Amino acid sequence: MVHQREIIMCLVLTVCSPVFGESWRASVTKNIDALVGSCVVLPCTFTHPGGGLSNSRLRGIWHRKDKWEEFFYHEDNTKILDSFKGRTKLMGRLGESNCTLEIIEVKDHDNGPFCFRVELVRKDNNQPTSEKFSFVEECAEIKMLHDPPKPKLGPLKTAIQGKPYTITCSIRHTCPSHPPKLTWTHGTVDDIIESHEDVYSGVWQTESVLSFIPEEKDDDSLLTCTATFNGNIRSNTDFRLNVKRTENYNHIIIPTVTAATTAVMFGLLCLFMTKKYK
Ligand SMILES: *[C@@H]1O[C@H](CO)[C@@H](O)[C@H](O)[C@H]1NC(C)=O
């Protein structure tokens with residue numbers, strides 16, 4: 001009897017024993033698009049047992065999924081693959097559990113998969129301890145885009161002469177560290193409001209709202225929005241503006257009034273003459 005109870009107690013303790021610290025876990029965006037010649041930012045966060053170590057006690061590495069010794073990023077630049085040297089940067093602060101990686105001048109062969117590895121280093125000699133982990137189940141694969149996406153314009157409505165007109169240009173991208181710039185063929189800087197938004201895991205959107213008061217001369221003119229991505233890659237979309245004239249009845253009113261006045265005067269004159277010669 002006593003034996004059985006001890007076994008049960010033991011089980012309960014094992015299952016319910018509080019977990020001190022966190023476990024090895026990483027959250028990486030697994031599929032992301034990148035524009036060849038531009039840049040891309042791979043979002044990444046992680047946890048490690050013990051938790052809350054400072055930046056200097058952690059070493060972050062990005063390596064190939066099947067060849068762990070092929071480094072895309074390492075704090076020691078000489079260890080990085082030649083084809084990636086000078087093109088990768090750890091943007092996130094490891095002490096804040098952030099392992100976000102930036103790749104610039106994206107090349108066709110950069111597809112990865114890119115896996116993050118964290119090593120805990122000793123305080124005294126800066127050497128890695130046995131506590132290290134490669135998150136090979138959470139690697140990022142990049143889909144290469146050879147042509148830049150085109151910006152979107154909307155709403156596409158007819159303008160009215162003299163009335164405020166607003167049109168929005170937007171573009172999605174995956175490089176928040178150097179987002180694309182949006183420019184218009186119409187208006188000045190004061191007519192434009194720009195904003196940036198995180199749409200979903202690694203995908204961002206830059207938006208530019210142009211507001212102006214259309215004049216008669218703007219009718220049938222071409223409004224073009226150009227997106228210039230990092231690496232000076234451009235794409236554009238245009239829209240032919242149709243400006244409706246404000247209704248103006250002066251050309252009808254003035255002659256009508258003139259004619260009516262003349263008729264009344266003539267009538268009065270006739271009346272006067274008739275009376276006089278009676
Ligand atoms: C990680 O770092 C990047 C780059 O500094 C930052 O943009 C991002 O918001 C951070 N992510 C989190 C979850 O804090």
# chains A, B, ... in the order shown; residues from 1 in each chain; ligands from 1

call {"tool": "select_by_dssp", "arguments": {"residues": "range 62-208 of chain A", "states": "strand (DSSP E or B)", "output": "ChimeraX atom specification"}}
result
/A:62-64,71-73,80,88-90,98,101-103,114-121,128-134,140-145,152-154,159-160,165-173,181-184,192-200,203-208

call {"tool": "write_last_selection", "arguments": {"atoms": "C-alpha atoms", "output": "PDB file, in the first residue's frame"}}
result
ATOM      1  CA  TRP A  62      22.057  31.994 -38.960  1.00  0.00           C
ATOM      2  CA  HIS A  63      23.066  28.875 -40.868  1.00  0.00           C
ATOM      3  CA  ARG A  64      21.941  26.649 -43.715  1.00  0.00           C
ATOM      4  CA  PHE A  71      26.977  30.478 -41.828  1.00  0.00           C
ATOM      5  CA  PHE A  72      24.833  33.173 -43.399  1.00  0.00           C
ATOM      6  CA  TYR A  73      25.386  35.341 -40.360  1.00  0.00           C
ATOM      7  CA  ILE A  80      30.358  33.880 -42.892  1.00  0.00           C
ATOM      8  CA  THR A  88      23.646  40.054 -43.513  1.00  0.00           C
ATOM      9  CA  LYS A  89      22.969  41.906 -40.292  1.00  0.00           C
ATOM     10  CA  LEU A  90      21.320  40.848 -37.054  1.00  0.00           C
ATOM     11  CA  ASN A  98      14.764  39.151 -31.045  1.00  0.00           C
ATOM     12  CA  LEU A 101      17.897  39.128 -39.739  1.00  0.00           C
ATOM     13  CA  GLU A 102      18.374  41.620 -42.560  1.00  0.00           C
ATOM     14  CA  ILE A 103      19.764  40.593 -45.943  1.00  0.00           C
ATOM     15  CA  PHE A 114      17.854  30.099 -43.182  1.00  0.00           C
ATOM     16  CA  CYS A 115      17.874  28.657 -39.657  1.00  0.00           C
ATOM     17  CA  PHE A 116      18.627  30.494 -36.444  1.00  0.00           C
ATOM     18  CA  ARG A 117      20.958  29.128 -33.791  1.00  0.00           C
ATOM     19  CA  VAL A 118      21.543  30.544 -30.356  1.00  0.00           C
ATOM     20  CA  GLU A 119      24.505  29.786 -28.095  1.00  0.00           C
ATOM     21  CA  LEU A 120      24.806  30.806 -24.467  1.00  0.00           C
ATOM     22  CA  VAL A 121      28.292  32.152 -23.801  1.00  0.00           C
ATOM     23  CA  PRO A 128      30.043  29.074 -25.819  1.00  0.00           C
ATOM     24  CA  THR A 129      28.711  26.788 -23.118  1.00  0.00           C
ATOM     25  CA  SER A 130      27.096  23.440 -23.877  1.00  0.00           C
ATOM     26  CA  GLU A 131      23.786  25.298 -23.941  1.00  0.00           C
ATOM     27  CA  LYS A 132      23.079  25.885 -27.604  1.00  0.00           C
ATOM     28  CA  PHE A 133      20.235  25.195 -29.950  1.00  0.00           C
ATOM     29  CA  SER A 134      19.621  25.249 -33.704  1.00  0.00           C
ATOM     30  CA  ALA A 140      12.897  30.736 -43.378  1.00  0.00           C
ATOM     31  CA  GLU A 141      12.655  30.077 -47.077  1.00  0.00           C
ATOM     32  CA  ILE A 142      12.742  32.982 -49.465  1.00  0.00           C
ATOM     33  CA  LYS A 143      10.809  33.138 -52.707  1.00  0.00           C
ATOM     34  CA  MET A 144      12.680  35.318 -55.178  1.00  0.00           C
ATOM     35  CA  LEU A 145      10.800  37.973 -57.116  1.00  0.00           C
ATOM     36  CA  LYS A 152      -1.977  49.932 -56.469  1.00  0.00           C
ATOM     37  CA  LEU A 153      -4.078  53.070 -57.014  1.00  0.00           C
ATOM     38  CA  GLY A 154      -7.509  53.778 -55.572  1.00  0.00           C
ATOM     39  CA  ALA A 159     -12.548  64.623 -60.186  1.00  0.00           C
ATOM     40  CA  ILE A 160     -14.662  67.753 -59.969  1.00  0.00           C
ATOM     41  CA  TYR A 165      -9.665  65.190 -54.732  1.00  0.00           C
ATOM     42  CA  THR A 166      -7.894  62.292 -52.973  1.00  0.00           C
ATOM     43  CA  ILE A 167      -6.154  59.244 -54.419  1.00  0.00           C
ATOM     44  CA  THR A 168      -4.092  56.585 -52.611  1.00  0.00           C
ATOM     45  CA  CYS A 169      -1.086  54.649 -53.894  1.00  0.00           C
ATOM     46  CA  SER A 170       0.075  51.565 -51.968  1.00  0.00           C
ATOM     47  CA  ILE A 171       2.799  48.972 -52.287  1.00  0.00           C
ATOM     48  CA  ARG A 172       3.604  45.826 -50.274  1.00  0.00           C
ATOM     49  CA  HIS A 173       7.178  44.843 -49.498  1.00  0.00           C
ATOM     50  CA  LYS A 181       9.564  55.292 -51.660  1.00  0.00           C
ATOM     51  CA  LEU A 182       6.379  56.367 -53.399  1.00  0.00           C
ATOM     52  CA  THR A 183       6.378  59.440 -55.633  1.00  0.00           C
ATOM     53  CA  TRP A 184       3.714  61.160 -57.734  1.00  0.00           C
ATOM     54  CA  ILE A 192       1.180  63.989 -49.796  1.00  0.00           C
ATOM     55  CA  ILE A 193       0.784  61.957 -46.585  1.00  0.00           C
ATOM     56  CA  GLU A 194       2.877  58.798 -46.283  1.00  0.00           C
ATOM     57  CA  SER A 195       2.378  55.916 -43.842  1.00  0.00           C
ATOM     58  CA  HIS A 196       3.869  52.474 -43.114  1.00  0.00           C
ATOM     59  CA  GLU A 197       1.993  49.491 -41.782  1.00  0.00           C
ATOM     60  CA  ASP A 198       2.904  45.953 -40.712  1.00  0.00           C
ATOM     61  CA  VAL A 199       0.322  43.900 -42.628  1.00  0.00           C
ATOM     62  CA  TYR A 200       1.208  40.358 -41.467  1.00  0.00           C
ATOM     63  CA  VAL A 203       4.883  41.807 -45.024  1.00  0.00           C
ATOM     64  CA  TRP A 204       4.672  45.599 -44.879  1.00  0.00           C
ATOM     65  CA  GLN A 205       2.730  48.218 -46.778  1.00  0.00           C
ATOM     66  CA  THR A 206       3.752  51.746 -47.674  1.00  0.00           C
ATOM     67  CA  GLU A 207       0.898  54.074 -48.524  1.00  0.00           C
ATOM     68  CA  SER A 208       0.911  57.560 -50.033  1.00  0.00           C
TER      69      SER A 208
END

call {"tool": "closest_atom_pairs", "arguments": {"of": "chain A", "to": "ligand 1", "cutoff": "12 Å", "atoms": "only C-alpha atoms and all ligand atoms", "output": "tab-separated table"}}
result
residue	atom	partner	partner_atom_place_in_ligand_line	distance
A:Ala26	CA	ligand 1	13 (C)	11.5
A:Ser27	CA	ligand 1	13 (C)	9.8
A:Val28	CA	ligand 1	13 (C)	10.6
A:Thr29	CA	ligand 1	13 (C)	11.9
A:Val40	CA	ligand 1	4 (C)	11.9
A:Val41	CA	ligand 1	4 (C)	8.5
A:Leu42	CA	ligand 1	3 (C)	9.2
A:Pro43	CA	ligand 1	1 (C)	6.8
A:Cys44	CA	ligand 1	1 (C)	7.1
A:Thr45	CA	ligand 1	13 (C)	6.3
A:Phe46	CA	ligand 1	13 (C)	9.5
A:Thr47	CA	ligand 1	13 (C)	11.9
A:Lys89	CA	ligand 1	4 (C)	10.3
A:Leu90	CA	ligand 1	4 (C)	8.3
A:Met91	CA	ligand 1	4 (C)	4.7
A:Gly92	CA	ligand 1	2 (O)	3.8
A:Arg93	CA	ligand 1	2 (O)	6.6
A:Leu94	CA	ligand 1	1 (C)	9.0
A:Gly95	CA	ligand 1	1 (C)	10.8
A:Glu96	CA	ligand 1	14 (O)	7.3
A:Ser97	CA	ligand 1	14 (O)	7.8
A:Asn98	CA	ligand 1	1 (C)	4.9
A:Cys99	CA	ligand 1	1 (C)	6.8
A:Thr100	CA	ligand 1	1 (C)	5.5
A:Leu101	CA	ligand 1	4 (C)	8.1
A:Glu102	CA	ligand 1	4 (C)	8.7
A:Thr174	CA	ligand 1	7 (O)	11.6
A:Cys175	CA	ligand 1	7 (O)	10.1
A:Pro176	CA	ligand 1	7 (O)	7.5
A:Ser177	CA	ligand 1	7 (O)	7.8
A:His178	CA	ligand 1	7 (O)	11.5
A:Glu197	CA	ligand 1	7 (O)	11.7
A:Asp198	CA	ligand 1	9 (O)	9.5
A:Ser201	CA	ligand 1	13 (C)	10.4
A:Gly202	CA	ligand 1	7 (O)	9.6
A:Val203	CA	ligand 1	7 (O)	11.8
A:Trp204	CA	ligand 1	7 (O)	11.1

call {"tool": "residues_around", "arguments": {"residues": "Ser235 in chain A", "least_positions_apart": "5", "cutoff": "7 Å", "atoms": "only C-alpha atoms", "output": "number ranges by chain"}}
result
A: 148-150, 226-228

call {"tool": "atom_distance", "arguments": {"atom1": "CA of Ser211 in chain A", "atom2": "CA of Gly231 in chain A"}}
result
28.6 Å

call {"tool": "atom_distance", "arguments": {"atom1": "CA of Asn31 in chain A", "atom2": "CA of Lys107 in chain A"}}
result
16.6 Å

call {"tool": "atom_distance", "arguments": {"atom1": "CA of Gly162 in chain A", "atom2": "CA of Phe212 in chain A"}}
result
9.2 Å
